[in-house]
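Containing mmCIF, C-alpha atoms: query.cif.
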data_target
#
loop_
_atom_site.label_atom_id
_atom_site.label_comp_id
_atom_site.auth_asym_id
_atom_site.auth_seq_id
_atom_site.Cartn_x
_atom_site.Cartn_y
_atom_site.Cartn_z
CA MET K 1 1.62 18.51 17.48
CA GLU K 2 2.37 21.16 20.07
CA THR K 3 4.42 24.14 18.94
CA ASP K 4 7.03 23.37 21.60
CA GLN K 5 7.42 19.89 20.21
CA VAL K 6 7.80 21.24 16.67
CA LEU K 7 10.43 23.72 17.81
CA GLU K 8 12.31 21.02 19.68
CA ASN K 9 12.37 18.81 16.59
CA ILE K 10 13.63 21.61 14.36
CA ILE K 11 16.41 22.47 16.81
CA LEU K 12 17.33 18.80 17.04
CA GLU K 13 17.59 18.55 13.25
CA LEU K 14 19.69 21.70 13.04
CA ARG K 15 22.11 20.43 15.67
CA ARG K 16 22.29 17.00 14.09
CA GLY K 17 23.35 18.60 10.85
CA VAL K 18 26.32 20.42 12.35
CA LEU K 19 27.38 17.58 14.63
CA VAL K 20 29.49 15.95 11.93
CA LEU K 21 31.40 19.17 11.45
CA ALA K 22 31.94 19.57 15.19
CA VAL K 23 33.14 15.99 15.62
CA LEU K 24 35.49 16.04 12.63
CA SER K 25 37.00 19.33 13.80
CA GLN K 26 37.93 17.86 17.18
CA LEU K 27 39.57 14.70 15.91
CA GLU K 28 42.82 16.07 14.54
CA GLN K 29 44.18 14.38 17.63
CA GLU K 30 42.92 10.95 18.49
CA GLN K 31 40.20 10.62 21.10
CA TYR K 32 38.14 7.80 22.53
CA GLY K 33 34.39 8.16 22.76
CA TYR K 34 34.07 9.46 26.27
CA SER K 35 37.05 11.80 26.04
CA LEU K 36 35.50 13.34 22.93
CA ILE K 37 32.24 13.91 24.82
CA LYS K 38 34.17 15.66 27.57
CA LEU K 39 36.13 17.69 25.06
CA LEU K 40 33.01 18.88 23.24
CA GLY K 41 31.23 19.45 26.57
CA GLU K 42 34.04 21.66 27.86
CA GLN K 43 33.55 23.87 24.82
CA GLY K 44 29.81 24.04 25.40
CA LEU K 45 28.51 21.36 23.01
CA GLU K 46 26.57 18.78 24.98
CA ILE K 47 26.05 15.55 23.11
CA ASP K 48 24.42 12.29 24.21
CA GLN K 49 26.56 9.19 24.34
CA GLY K 50 23.85 7.36 22.47
CA THR K 51 24.18 9.88 19.64
CA LEU K 52 27.94 10.22 19.47
CA TYR K 53 29.07 6.60 19.43
CA PRO K 54 26.95 5.50 16.46
CA LEU K 55 27.97 8.71 14.66
CA LEU K 56 31.66 7.88 15.13
CA ARG K 57 31.17 4.44 13.66
CA ARG K 58 29.21 5.85 10.76
CA LEU K 59 31.92 8.37 9.95
CA GLU K 60 34.48 5.60 10.13
CA GLY K 61 32.34 3.53 7.77
CA GLN K 62 32.35 6.48 5.35
CA GLY K 63 36.14 6.61 5.51
CA LEU K 64 36.30 9.99 7.23
CA LEU K 65 37.69 8.57 10.48
CA GLU K 66 40.10 5.82 11.41
CA SER K 67 40.03 3.87 14.62
CA ARG K 68 42.00 1.36 16.63
CA TRP K 69 41.73 -0.36 19.97
CA ARG K 70 44.30 0.47 22.60
CA VAL K 71 44.60 -0.93 26.11
CA GLU K 72 45.09 1.77 28.71
CA GLU K 73 44.79 1.52 32.48
CA SER K 74 43.88 -2.13 32.02
CA ARG K 75 40.89 -1.16 29.93
CA PRO K 76 40.56 -1.36 26.15
CA ARG K 77 39.47 1.87 24.49
CA ARG K 78 38.68 2.63 20.91
CA TYR K 79 40.51 5.67 19.63
CA TYR K 80 39.29 7.67 16.65
CA VAL K 81 41.26 10.09 14.52
CA ILE K 82 40.45 11.95 11.33
CA SER K 83 41.61 10.23 8.12
CA LYS K 84 43.16 11.80 5.03
CA ALA K 85 39.83 11.80 3.27
CA GLY K 86 38.23 13.23 6.39
CA GLN K 87 40.66 16.13 6.41
CA GLN K 88 39.81 17.01 2.84
CA VAL K 89 36.11 16.82 3.59
CA LEU K 90 36.59 18.93 6.69
CA VAL K 91 38.25 21.72 4.70
CA GLN K 92 35.31 21.82 2.31
CA LEU K 93 32.79 21.57 5.11
CA LYS K 94 34.39 24.50 6.89
CA GLU K 95 34.14 26.57 3.75
CA GLU K 96 30.52 25.57 3.32
CA TRP K 97 29.84 26.49 6.92
CA ARG K 98 31.37 29.95 6.47
CA GLN K 99 29.26 30.64 3.42
CA LEU K 100 26.16 29.36 5.13
CA THR K 101 26.62 31.45 8.26
CA ALA K 102 27.38 34.52 6.14
CA LEU K 103 24.28 33.91 4.08
CA LEU K 104 22.03 33.33 7.07
CA GLY K 105 23.58 36.31 8.79
CA ARG K 106 22.29 38.43 5.92
CA LEU K 107 18.91 36.72 5.94
CA LEU K 108 18.17 36.84 9.65
CA MET X 109 28.14 -3.81 37.25
CA GLU X 110 25.63 -6.50 36.53
CA LEU X 111 23.24 -3.83 35.22
CA ILE X 112 25.81 -2.76 32.65
CA ASP X 113 26.30 -6.38 31.55
CA ARG X 114 22.57 -6.73 31.10
CA TYR X 115 22.34 -3.44 29.23
CA VAL X 116 25.17 -4.29 26.84
CA ALA X 117 23.70 -7.73 26.19
CA GLU X 118 20.31 -6.19 25.50
CA VAL X 119 21.78 -3.78 22.92
CA GLY X 120 23.87 -6.56 21.37
CA ARG X 121 20.87 -8.79 20.92
CA ARG X 122 19.44 -6.23 18.49
CA LEU X 123 22.60 -5.84 16.41
CA PRO X 124 23.67 -7.88 13.39
CA GLU X 125 26.14 -10.59 14.30
CA LYS X 126 28.84 -9.14 12.06
CA ASN X 127 29.84 -6.27 14.32
CA ARG X 128 27.95 -7.17 17.47
CA LEU X 129 30.99 -8.03 19.59
CA ASP X 130 32.85 -4.93 18.52
CA ILE X 131 29.98 -2.57 19.29
CA GLU X 132 29.30 -4.32 22.59
CA LYS X 133 32.94 -3.89 23.57
CA GLU X 134 32.86 -0.22 22.63
CA ILE X 135 29.67 0.53 24.53
CA ARG X 136 30.96 -1.24 27.61
CA SER X 137 34.26 0.61 27.47
CA SER X 138 32.51 3.95 27.04
CA LEU X 139 30.07 3.27 29.88
CA GLU X 140 32.97 2.36 32.16
CA ASP X 141 34.75 5.56 31.18
CA ALA X 142 31.64 7.55 32.05
CA LEU X 143 31.23 5.72 35.37
CA GLU X 144 34.82 6.34 36.31
CA ASP X 145 34.40 9.99 35.53
CA ARG X 146 31.33 10.28 37.71
CA LEU X 147 32.87 8.45 40.65
CA GLY X 148 35.79 10.84 40.68
CA ASP X 149 38.11 9.88 43.53
CA GLU X 150 35.69 7.47 45.17
CA ILE X 151 37.09 4.01 45.47
CA GLY X 152 35.24 0.75 44.97
CA GLU X 153 32.08 -0.31 43.22
CA PRO X 154 29.78 2.45 41.94
CA SER X 155 26.41 2.66 43.65
CA GLU X 156 23.41 1.35 41.82
CA GLU X 157 21.94 4.82 41.59
CA VAL X 158 24.91 6.14 39.64
CA VAL X 159 24.71 3.23 37.21
CA LEU X 160 20.96 3.66 36.81
CA ASN X 161 21.31 7.33 35.99
CA LEU X 162 24.08 6.66 33.51
CA LEU X 163 22.05 4.02 31.66
CA LYS X 164 18.99 6.26 31.64
CA GLU X 165 21.03 8.97 29.95
CA MET X 166 22.38 6.47 27.44
CA GLY X 167 18.81 5.61 26.46
CA PRO X 168 16.72 2.47 25.92
CA PRO X 169 18.66 -0.44 24.38
CA ASP X 170 16.44 -0.74 21.31
CA LYS X 171 16.94 2.94 20.49
CA VAL X 172 20.70 2.73 20.96
CA ALA X 173 20.90 -0.43 18.83
CA ALA X 174 18.74 1.20 16.14
CA SER X 175 21.06 4.19 15.93
CA TYR X 176 23.91 1.85 14.97
CA LEU X 177 21.94 0.46 12.05
CA PRO X 178 20.90 2.00 8.74
CA PRO X 179 17.13 2.28 8.34
CA ARG X 180 15.82 -1.14 7.39
CA TYR X 181 12.66 -1.79 5.45
CA LEU X 182 10.63 -4.78 4.50
CA ILE X 183 9.34 -2.66 1.60
CA GLY X 184 11.10 0.69 1.35
CA PRO X 185 9.70 4.08 0.35
CA ASN X 186 11.00 3.65 -3.23
CA LEU X 187 9.05 0.46 -3.82
CA TYR X 188 6.02 1.24 -1.69
CA PRO X 189 3.92 3.11 -4.32
CA ILE X 190 4.42 0.30 -6.89
CA PHE X 191 3.65 -2.24 -4.19
CA ILE X 192 0.32 -0.57 -3.43
CA THR X 193 -0.59 -0.39 -7.13
CA VAL X 194 0.21 -4.06 -7.73
CA LEU X 195 -1.68 -5.01 -4.58
CA ARG X 196 -4.79 -3.17 -5.69
CA ILE X 197 -4.77 -4.69 -9.16
CA ALA X 198 -4.25 -8.16 -7.72
CA LEU X 199 -7.06 -7.74 -5.21
CA VAL X 200 -9.47 -6.59 -7.92
CA VAL X 201 -8.50 -9.62 -10.02
CA VAL X 202 -9.15 -11.87 -7.01
CA ALA X 203 -12.54 -10.21 -6.55
CA VAL X 204 -13.48 -10.71 -10.21
CA ILE X 205 -12.41 -14.34 -10.23
CA ALA X 206 -14.25 -14.92 -6.97
CA ALA X 207 -17.40 -13.25 -8.35
CA ILE X 208 -17.37 -15.41 -11.48
CA GLY X 209 -16.60 -18.55 -9.48
CA PHE X 210 -19.42 -17.73 -7.09
CA GLY X 211 -21.79 -17.27 -10.01
CA ILE X 212 -20.87 -20.63 -11.50
CA THR X 213 -21.24 -22.49 -8.20
CA LEU X 214 -24.55 -20.77 -7.60
CA SER X 215 -25.99 -21.68 -10.96
CA GLN X 216 -24.97 -25.30 -10.62
CA SER X 217 -25.97 -26.09 -7.08
CA ALA X 218 -28.34 -23.56 -5.58
CA ARG X 219 -32.04 -23.96 -5.89
CA GLN X 220 -33.16 -22.33 -2.68
CA LEU X 221 -32.37 -19.08 -0.96
CA SER X 222 -30.85 -20.93 2.04
CA ASP X 223 -28.40 -22.62 -0.37
CA VAL X 224 -27.40 -19.21 -1.67
CA GLY X 225 -26.53 -18.14 1.90
CA ASN X 226 -24.36 -21.21 2.43
CA ILE X 227 -22.60 -20.84 -0.90
CA LEU X 228 -22.03 -17.16 -0.21
CA LEU X 229 -20.44 -17.94 3.16
CA GLN X 230 -18.20 -20.56 1.58
CA ALA X 231 -17.28 -18.17 -1.21
CA LEU X 232 -16.43 -15.43 1.30
CA ALA X 233 -14.21 -17.85 3.23
CA GLY X 234 -12.53 -18.77 -0.08
CA VAL X 235 -12.06 -15.10 -1.00
CA TRP X 236 -10.56 -14.37 2.39
CA SER X 237 -7.99 -17.15 2.06
CA SER X 238 -7.16 -16.08 -1.53
CA VAL X 239 -6.75 -12.47 -0.40
CA VAL X 240 -4.38 -13.52 2.38
CA GLN X 241 -2.39 -15.72 -0.02
CA VAL X 242 -2.14 -13.08 -2.73
CA PHE X 243 -1.18 -10.44 -0.17
CA GLY X 244 1.45 -12.75 1.29
CA ILE X 245 2.98 -13.59 -2.08
CA ILE X 246 3.12 -9.95 -3.18
CA VAL X 247 4.69 -8.86 0.10
CA LEU X 248 7.22 -11.68 -0.23
CA VAL X 249 8.14 -10.71 -3.80
CA PHE X 250 8.56 -7.05 -2.87
CA ALA X 251 10.53 -7.89 0.27
CA ILE X 252 12.92 -9.90 -1.91
CA LEU X 253 13.12 -7.06 -4.45
CA GLN X 254 13.88 -4.68 -1.58
CA GLN X 255 16.84 -6.85 -0.61
CA VAL X 256 18.26 -7.56 -4.07
CA LEU X 257 17.68 -4.27 -5.90
CA PRO X 258 20.65 -1.93 -5.69
CA LYS X 259 19.91 1.02 -3.44
CA GLY X 260 19.63 4.60 -4.59
CA ILE X 261 19.26 3.85 -8.29
CA GLU X 262 15.98 5.73 -8.52
CA ALA X 263 17.49 9.03 -7.48
CA GLU X 264 20.42 8.80 -9.87
CA LYS X 265 18.32 8.32 -12.99
CA ALA X 266 18.36 11.40 -15.16
CA TRP X 267 14.91 12.87 -15.13
CA ASP X 268 13.28 14.93 -17.83
CA PRO X 269 10.20 16.99 -16.98
CA ARG X 270 9.00 16.48 -20.56
CA THR X 271 8.30 12.84 -19.73
CA LEU X 272 5.57 13.94 -17.31
CA LYS X 273 2.16 12.56 -18.20
CA THR X 274 -0.33 14.95 -19.66
CA LEU X 275 -3.23 15.65 -17.38
CA THR X 276 -6.61 14.24 -18.17
CA LYS X 277 -9.79 14.94 -16.30
CA PRO X 278 -11.46 11.56 -16.18
CA GLU X 279 -13.93 12.60 -13.52
CA LEU X 280 -15.66 14.99 -15.87
CA ILE X 281 -18.99 13.44 -16.76
CA LYS X 282 -20.96 13.39 -19.97
CA PRO X 283 -24.51 14.23 -18.86
CA GLY X 284 -26.07 13.19 -22.17
CA GLU X 285 -24.57 9.73 -21.94
CA LEU X 286 -25.61 9.34 -18.32
CA ILE X 287 -29.19 10.46 -18.97
CA GLY X 288 -29.38 8.14 -21.97
CA GLU X 289 -28.21 5.25 -19.82
CA ILE X 290 -30.71 6.10 -17.10
CA VAL X 291 -33.64 6.22 -19.53
CA PHE X 292 -32.61 3.01 -21.27
CA THR X 293 -32.09 1.12 -18.00
CA LEU X 294 -35.40 2.45 -16.69
CA LEU X 295 -37.21 1.17 -19.81
CA VAL X 296 -35.56 -2.24 -19.47
CA LEU X 297 -36.48 -2.30 -15.79
CA ILE X 298 -40.12 -1.49 -16.49
CA LEU X 299 -40.32 -3.98 -19.35
CA PHE X 300 -38.88 -6.90 -17.41
CA THR X 301 -40.64 -6.22 -14.11
CA ALA X 302 -44.08 -5.09 -15.32
CA TYR X 303 -44.49 -6.87 -18.67
CA PRO X 304 -42.23 -9.92 -18.78
CA GLU X 305 -45.06 -11.98 -20.28
CA LYS X 306 -45.07 -9.63 -23.28
CA ILE X 307 -41.50 -10.53 -24.20
CA GLY X 308 -41.44 -12.99 -27.06
CA ILE X 309 -41.78 -13.38 -30.79
CA TYR X 310 -44.48 -11.47 -32.68
CA PHE X 311 -45.35 -12.49 -36.20
CA TYR X 312 -48.05 -11.98 -38.78
CA THR X 313 -49.74 -14.99 -40.28
CA GLU X 314 -51.37 -14.27 -43.61
CA SER X 315 -53.65 -17.30 -43.53
CA ALA X 316 -55.22 -16.21 -40.29
CA GLY X 317 -54.87 -12.58 -41.25
CA ARG X 318 -53.67 -11.48 -37.81
CA TRP X 319 -50.71 -11.08 -35.49
CA SER X 320 -49.63 -13.97 -33.33
CA PHE X 321 -47.36 -14.01 -30.32
CA ILE X 322 -45.19 -16.67 -28.64
CA PRO X 323 -43.72 -15.85 -25.21
CA ILE X 324 -40.14 -17.05 -24.80
CA LEU X 325 -39.22 -16.53 -21.15
CA THR X 326 -39.35 -19.69 -19.03
CA ALA X 327 -40.10 -20.02 -15.32
CA GLU X 328 -36.33 -20.06 -14.74
CA PHE X 329 -36.09 -16.56 -16.07
CA TYR X 330 -38.83 -15.28 -13.73
CA MET X 331 -36.62 -16.38 -10.83
CA TYR X 332 -33.89 -14.06 -12.03
CA ILE X 333 -36.12 -11.01 -12.44
CA PRO X 334 -35.88 -9.63 -8.87
CA TRP X 335 -32.09 -10.00 -8.97
CA LEU X 336 -31.88 -8.37 -12.38
CA ALA X 337 -34.13 -5.57 -11.17
CA LEU X 338 -31.80 -4.95 -8.23
CA SER X 339 -28.86 -4.69 -10.62
CA TRP X 340 -30.67 -2.14 -12.80
CA VAL X 341 -31.86 -0.14 -9.80
CA LEU X 342 -28.27 -0.02 -8.53
CA GLU X 343 -27.08 1.18 -11.91
CA ILE X 344 -29.77 3.86 -12.17
CA SER X 345 -29.05 5.09 -8.63
CA ARG X 346 -25.35 5.30 -9.41
CA ASN X 347 -25.95 7.33 -12.57
CA VAL X 348 -28.38 9.64 -10.79
CA LEU X 349 -25.86 10.13 -7.99
CA VAL X 350 -23.07 10.94 -10.45
CA LEU X 351 -25.33 13.37 -12.32
CA TYR X 352 -26.33 15.01 -9.05
CA GLN X 353 -22.69 15.36 -7.89
CA GLY X 354 -21.67 16.57 -11.34
CA ARG X 355 -18.44 14.53 -11.35
CA TRP X 356 -17.04 11.09 -10.69
CA THR X 357 -15.73 10.64 -7.17
CA THR X 358 -13.78 7.86 -5.51
CA ALA X 359 -16.96 6.83 -3.69
CA THR X 360 -19.06 6.58 -6.86
CA ARG X 361 -16.27 4.68 -8.59
CA TRP X 362 -16.14 2.13 -5.78
CA PHE X 363 -19.92 1.94 -5.97
CA SER X 364 -19.46 1.20 -9.68
CA VAL X 365 -17.00 -1.57 -8.88
CA ALA X 366 -19.56 -3.11 -6.52
CA CYS X 367 -22.31 -2.85 -9.18
CA SER X 368 -20.07 -4.50 -11.79
CA LEU X 369 -19.11 -7.32 -9.44
CA TYR X 370 -22.75 -7.94 -8.55
CA SER X 371 -23.75 -7.90 -12.20
CA LEU X 372 -20.87 -10.26 -13.07
CA ILE X 373 -22.06 -12.78 -10.48
CA LEU X 374 -25.65 -12.61 -11.70
CA LEU X 375 -24.75 -12.88 -15.40
CA THR X 376 -22.44 -15.81 -14.71
CA VAL X 377 -25.22 -17.58 -12.82
CA MET X 378 -27.52 -17.07 -15.81
CA LEU X 379 -24.90 -18.03 -18.37
CA THR X 380 -23.97 -21.30 -16.69
CA GLY X 381 -27.44 -22.08 -15.34
CA PRO X 382 -30.40 -23.88 -16.94
CA THR X 383 -32.14 -22.69 -20.11
CA PHE X 384 -34.29 -19.63 -19.57
CA VAL X 385 -35.59 -18.92 -23.07
CA GLN X 386 -37.85 -21.28 -24.95
CA LEU X 387 -40.78 -20.99 -27.33
CA ALA X 388 -43.71 -21.48 -24.94
CA PRO X 389 -45.28 -24.92 -25.90
CA GLN X 390 -48.83 -23.94 -24.98
CA ALA X 391 -48.63 -20.87 -27.21
CA LEU X 392 -47.35 -23.00 -30.06
CA THR X 393 -50.26 -25.42 -29.85
CA ALA X 394 -52.71 -22.53 -29.64
CA LEU X 395 -51.50 -20.97 -32.91
CA PRO X 396 -54.45 -20.72 -35.26
CA GLY X 397 -54.17 -23.02 -38.24
CA ILE X 398 -50.41 -23.39 -38.18
CA GLU X 399 -48.56 -26.64 -37.76
CA ILE X 400 -44.89 -26.33 -36.95
CA ALA X 401 -42.70 -29.39 -37.23
CA PRO X 402 -41.11 -30.54 -33.92
CA GLU X 403 -37.63 -30.33 -35.51
CA THR X 404 -38.24 -26.71 -36.42
CA ILE X 405 -39.30 -25.96 -32.88
CA SER X 406 -36.26 -27.67 -31.45
CA LEU X 407 -33.96 -25.83 -33.91
CA SER X 408 -35.58 -22.51 -33.07
CA ASN X 409 -35.18 -23.20 -29.37
CA ASN X 410 -31.51 -24.00 -29.85
CA ALA X 411 -31.02 -20.80 -31.81
CA LEU X 412 -32.87 -18.78 -29.16
CA ASN X 413 -30.80 -20.33 -26.42
CA GLY X 414 -27.59 -19.68 -28.28
CA ALA X 415 -28.53 -16.07 -28.90
CA ALA X 416 -29.43 -15.56 -25.24
CA ARG X 417 -26.09 -16.97 -24.08
CA LEU X 418 -24.26 -14.86 -26.65
CA VAL X 419 -25.95 -11.76 -25.26
CA LEU X 420 -24.97 -12.81 -21.73
CA GLY X 421 -21.39 -13.40 -22.84
CA LEU X 422 -21.26 -9.94 -24.43
CA LEU X 423 -22.74 -8.37 -21.31
CA ILE X 424 -20.10 -10.10 -19.16
CA ALA X 425 -17.33 -8.89 -21.45
CA PHE X 426 -18.79 -5.39 -21.30
CA ASP X 427 -18.93 -5.57 -17.51
CA LEU X 428 -15.31 -6.69 -17.32
CA ILE X 429 -14.20 -3.80 -19.56
CA GLU X 430 -16.17 -1.31 -17.46
CA LEU X 431 -14.70 -2.78 -14.31
CA GLY X 432 -11.20 -2.53 -15.74
CA LYS X 433 -11.73 1.11 -16.70
CA THR X 434 -13.15 2.03 -13.32
CA VAL X 435 -10.30 0.35 -11.47
CA ARG X 436 -7.77 2.07 -13.71
CA ARG X 437 -9.31 5.44 -12.91
CA LEU X 438 -9.21 4.61 -9.21
CA LEU X 439 -5.53 3.72 -9.49
CA GLU X 440 -4.71 6.85 -11.46
CA ARG X 441 -6.38 8.92 -8.81
CA ARG X 442 -4.39 7.16 -6.19
CA LEU X 443 -1.09 7.75 -7.98
CA ASN X 444 -1.85 11.32 -8.88
CA PRO X 445 -4.11 12.84 -6.23
CA LYS X 446 -3.85 16.28 -7.80
CA LEU X 447 -5.81 15.18 -10.86
CA GLY X 448 -8.88 17.28 -11.32
#

As a first step, turn the structure in this file into structure tokens.
Amino acid sequence: METDQVLENIILELRRGVLVLAVLSQLEQEQYGYSLIKLLGEQGLEIDQGTLYPLLRRLEGQGLLESRWRVEESRPRRYYVISKAGQQVLVQLKEEWRQLTALLGRLL
Amino acid sequence: MELIDRYVAEVGRRLPEKNRLDIEKEIRSSLEDALEDRLGDEIGEPSEEVVLNLLKEMGPPDKVAASYLPPRYLIGPNLYPIFITVLRIALVVVAVIAAIGFGITLSQSARQLSDVGNILLQALAGVWSSVVQVFGIIVLVFAILQQVLPKGIEAEKAWDPRTLKTLTKPELIKPGELIGEIVFTLLVLILFTAYPEKIGIYFYTESAGRWSFIPILTAEFYMYIPWLALSWVLEISRNVLVLYQGRWTTATRWFSVACSLYSLILLTVMLTGPTFVQLAPQALTALPGIEIAPETISLSNNALNGAARLVLGLLIAFDLIELGKTVRRLLERRLNPKLG
């Protein structure tokens, strides 16, 4: 495998790991899929639709998110919001993230 | 918009029925959101180019559908190593049964070399269909296990490093044993190929005051000699090879398996075939001054025959044990490649 390809894969894995944290952090207020993509994009985190939508469902399946359909502008949209359990997890994840960045800051 | 319909349908086709409609609805709604965003203030139907670009960004339907599903296995990584072990054992058993069956058929029906070819072809066809059947059944059983076994149990089991197997070094050879085997096999080879007519019963008759000899190998046995010789040559070459390499390797072990299978076939042919030891009648009549009753001759022949078959039976048992050991070593190596 080419070095570029290896690098790309590692970066992809790294980003995938933090995506959950990013998504949970932005769902204190409810969002539908595309609005969440825009929201993350505005803050500099580009994420594929094909990656985000399955992730949202998975997090809902794990009980970290809640969702409901709402009809707006004559179109149904699925809105996601963080659940109680999700909020608790988010607090711990944030703490973990702080420790990790501090640790890596020392290492790098 | 027809492209979007086709896209959503294509993704949906790959999803389980349970949440297909829901996911389809969500993808469609999200795609429409994205389209609307790209069109901005434009009014009317989006151009095909915009839709094409959007779908390209979304990705191929099979990939999108796959990302909604947990990884699915016919036989998952937890079961796979056991599956391979079971498969190997089963295939060796099939090979042994086939070899013995081939030997029996051969001894009962083949009298010419062309017959042997035909029987071999038939046997190979039979082996192939057995292999496919056995493979199919084992895959089926493991696929069912994969579905019914609770997931993740393996990882949760408490694990104690003290339960690790102690290391053995089965590929270390014993040169003395190997050299002994080579010499013995070589002697047998020379005896049976160069002096088969000297094999028989030697006895001293006091009345004549000299040694007499009765050959015991029949014409049937002479037919087997080239095949036996091949078996011994194979065995000697294997032992020489192992001695030369200084250790057992996967290749020499497989070579051993082949030797054992060949020897099993040959011994089975002999065991189930016609009589090949008998007190030679012309030698009996030529004995100086000795009259042996026909009943005694017949009894002796029966005893000889019985003894010969007993030896064959023991040799077959020995072959099977050797084969079992070799296969076990091969499996151990497979499961623990760091051995040695």

task = Check every residue of chain K for an atom within 8 Å of chain X, counting only C-alpha atoms, and provide those that qualify as JSON, numbers by chain.
result = {"K": [33, 34, 48, 49, 50, 51, 53, 54, 55, 57, 58, 75, 76, 77, 78]}

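What the PyMOL selection byres ((chain K and resi 83-95) around 7) matches in the given file is Leu21, Leu24, Gly63, Leu64, Leu65, Glu66, Val81, Ile82, Glu96, Trp97, Arg98 and Gln99 of chain K.
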
inquiry  = Under the PyMOL selection byres ((chain K and resi 79) around 6), which residues of this model are included? Write them out as a ChimeraX atom specification.
reply    = /K:30-32,67-68,78,80

task = Compare K:Val18, K:Gln29, K:Leu107, K:Glu60 by their minimum atom-to-atom distance to Leu45 in chain K, counting all atoms listed in the file, and give me the closest one.
result =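 Answer, going by the shortest atom-to-atom distance: K:Val18.
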
request  = Quick one: pull the distance between CA of Ser408 in chain X and CA of Gly308 in chain X, Å, one decimal.
outcome  = 12.7 Å

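Rounded to one decimal, CA of Arg15 in chain K and CA of Thr101 in chain K lie 14.0 Å from each other.
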
ask   = Suppose you want the space between CA of Leu123 in chain X and CA of Leu253 in chain X; what is it in Å?
value = 22.9 Å

Just want the 12 Å neighbourhood of Ile190 in chain X, counted on all atoms listed in the file, with same-chain residues fewer than 4 positions away dropped. Output as a CSV table (one decimal) with C-alpha atoms, keeping the file's coordinate frame.
chain,number,residue,atom,x,y,z
X,183,ILE,CA,9.3,-2.7,1.6
X,184,GLY,CA,11.1,0.7,1.4
X,185,PRO,CA,9.7,4.1,0.4
X,186,ASN,CA,11.0,3.6,-3.2
X,194,VAL,CA,0.2,-4.1,-7.7
X,195,LEU,CA,-1.7,-5.0,-4.6
X,196,ARG,CA,-4.8,-3.2,-5.7
X,197,ILE,CA,-4.8,-4.7,-9.2
X,246,ILE,CA,3.1,-10.0,-3.2
X,247,VAL,CA,4.7,-8.9,0.1
X,250,PHE,CA,8.6,-7.0,-2.9
X,253,LEU,CA,13.1,-7.1,-4.4
X,254,GLN,CA,13.9,-4.7,-1.6
X,439,LEU,CA,-5.5,3.7,-9.5
X,442,ARG,CA,-4.4,7.2,-6.2
X,443,LEU,CA,-1.1,7.8,-8.0

Quick one: apply the PyMOL selection byres ((chain X and resi 349) around 12) to the file and drop the selected residues here as a CSV table (one decimal) with C-alpha atoms, in the coordinates of the input.
chain,number,residue,atom,x,y,z
X,281,ILE,CA,-19.0,13.4,-16.8
X,283,PRO,CA,-24.5,14.2,-18.9
X,286,LEU,CA,-25.6,9.3,-18.3
X,287,ILE,CA,-29.2,10.5,-19.0
X,290,ILE,CA,-30.7,6.1,-17.1
X,342,LEU,CA,-28.3,0.0,-8.5
X,343,GLU,CA,-27.1,1.2,-11.9
X,344,ILE,CA,-29.8,3.9,-12.2
X,345,SER,CA,-29.0,5.1,-8.6
X,346,ARG,CA,-25.4,5.3,-9.4
X,347,ASN,CA,-26.0,7.3,-12.6
X,348,VAL,CA,-28.4,9.6,-10.8
X,350,VAL,CA,-23.1,10.9,-10.4
X,351,LEU,CA,-25.3,13.4,-12.3
X,352,TYR,CA,-26.3,15.0,-9.0
X,353,GLN,CA,-22.7,15.4,-7.9
X,354,GLY,CA,-21.7,16.6,-11.3
X,355,ARG,CA,-18.4,14.5,-11.4
X,356,TRP,CA,-17.0,11.1,-10.7
X,357,THR,CA,-15.7,10.6,-7.2
X,359,ALA,CA,-17.0,6.8,-3.7
X,360,THR,CA,-19.1,6.6,-6.9
X,361,ARG,CA,-16.3,4.7,-8.6
X,363,PHE,CA,-19.9,1.9,-6.0
X,364,SER,CA,-19.5,1.2,-9.7

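Among K:Leu39, K:Leu59, K:Leu7, K:Leu100, the residue with the shortest atom-to-atom distance to Val20 in chain K, counting all atoms listed in the file, is K:Leu59.
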
Build an axis-aligned box that encloses every atom of range 342-356 of chain X listed in the file, pad it by 8 Å on each side, and report its centre and edge lengths in Å to one decimal, as JSON.
{"center_x": -23.4, "center_y": 8.3, "center_z": -10.2, "size_x": 28.7, "size_y": 32.6, "size_z": 20.7}
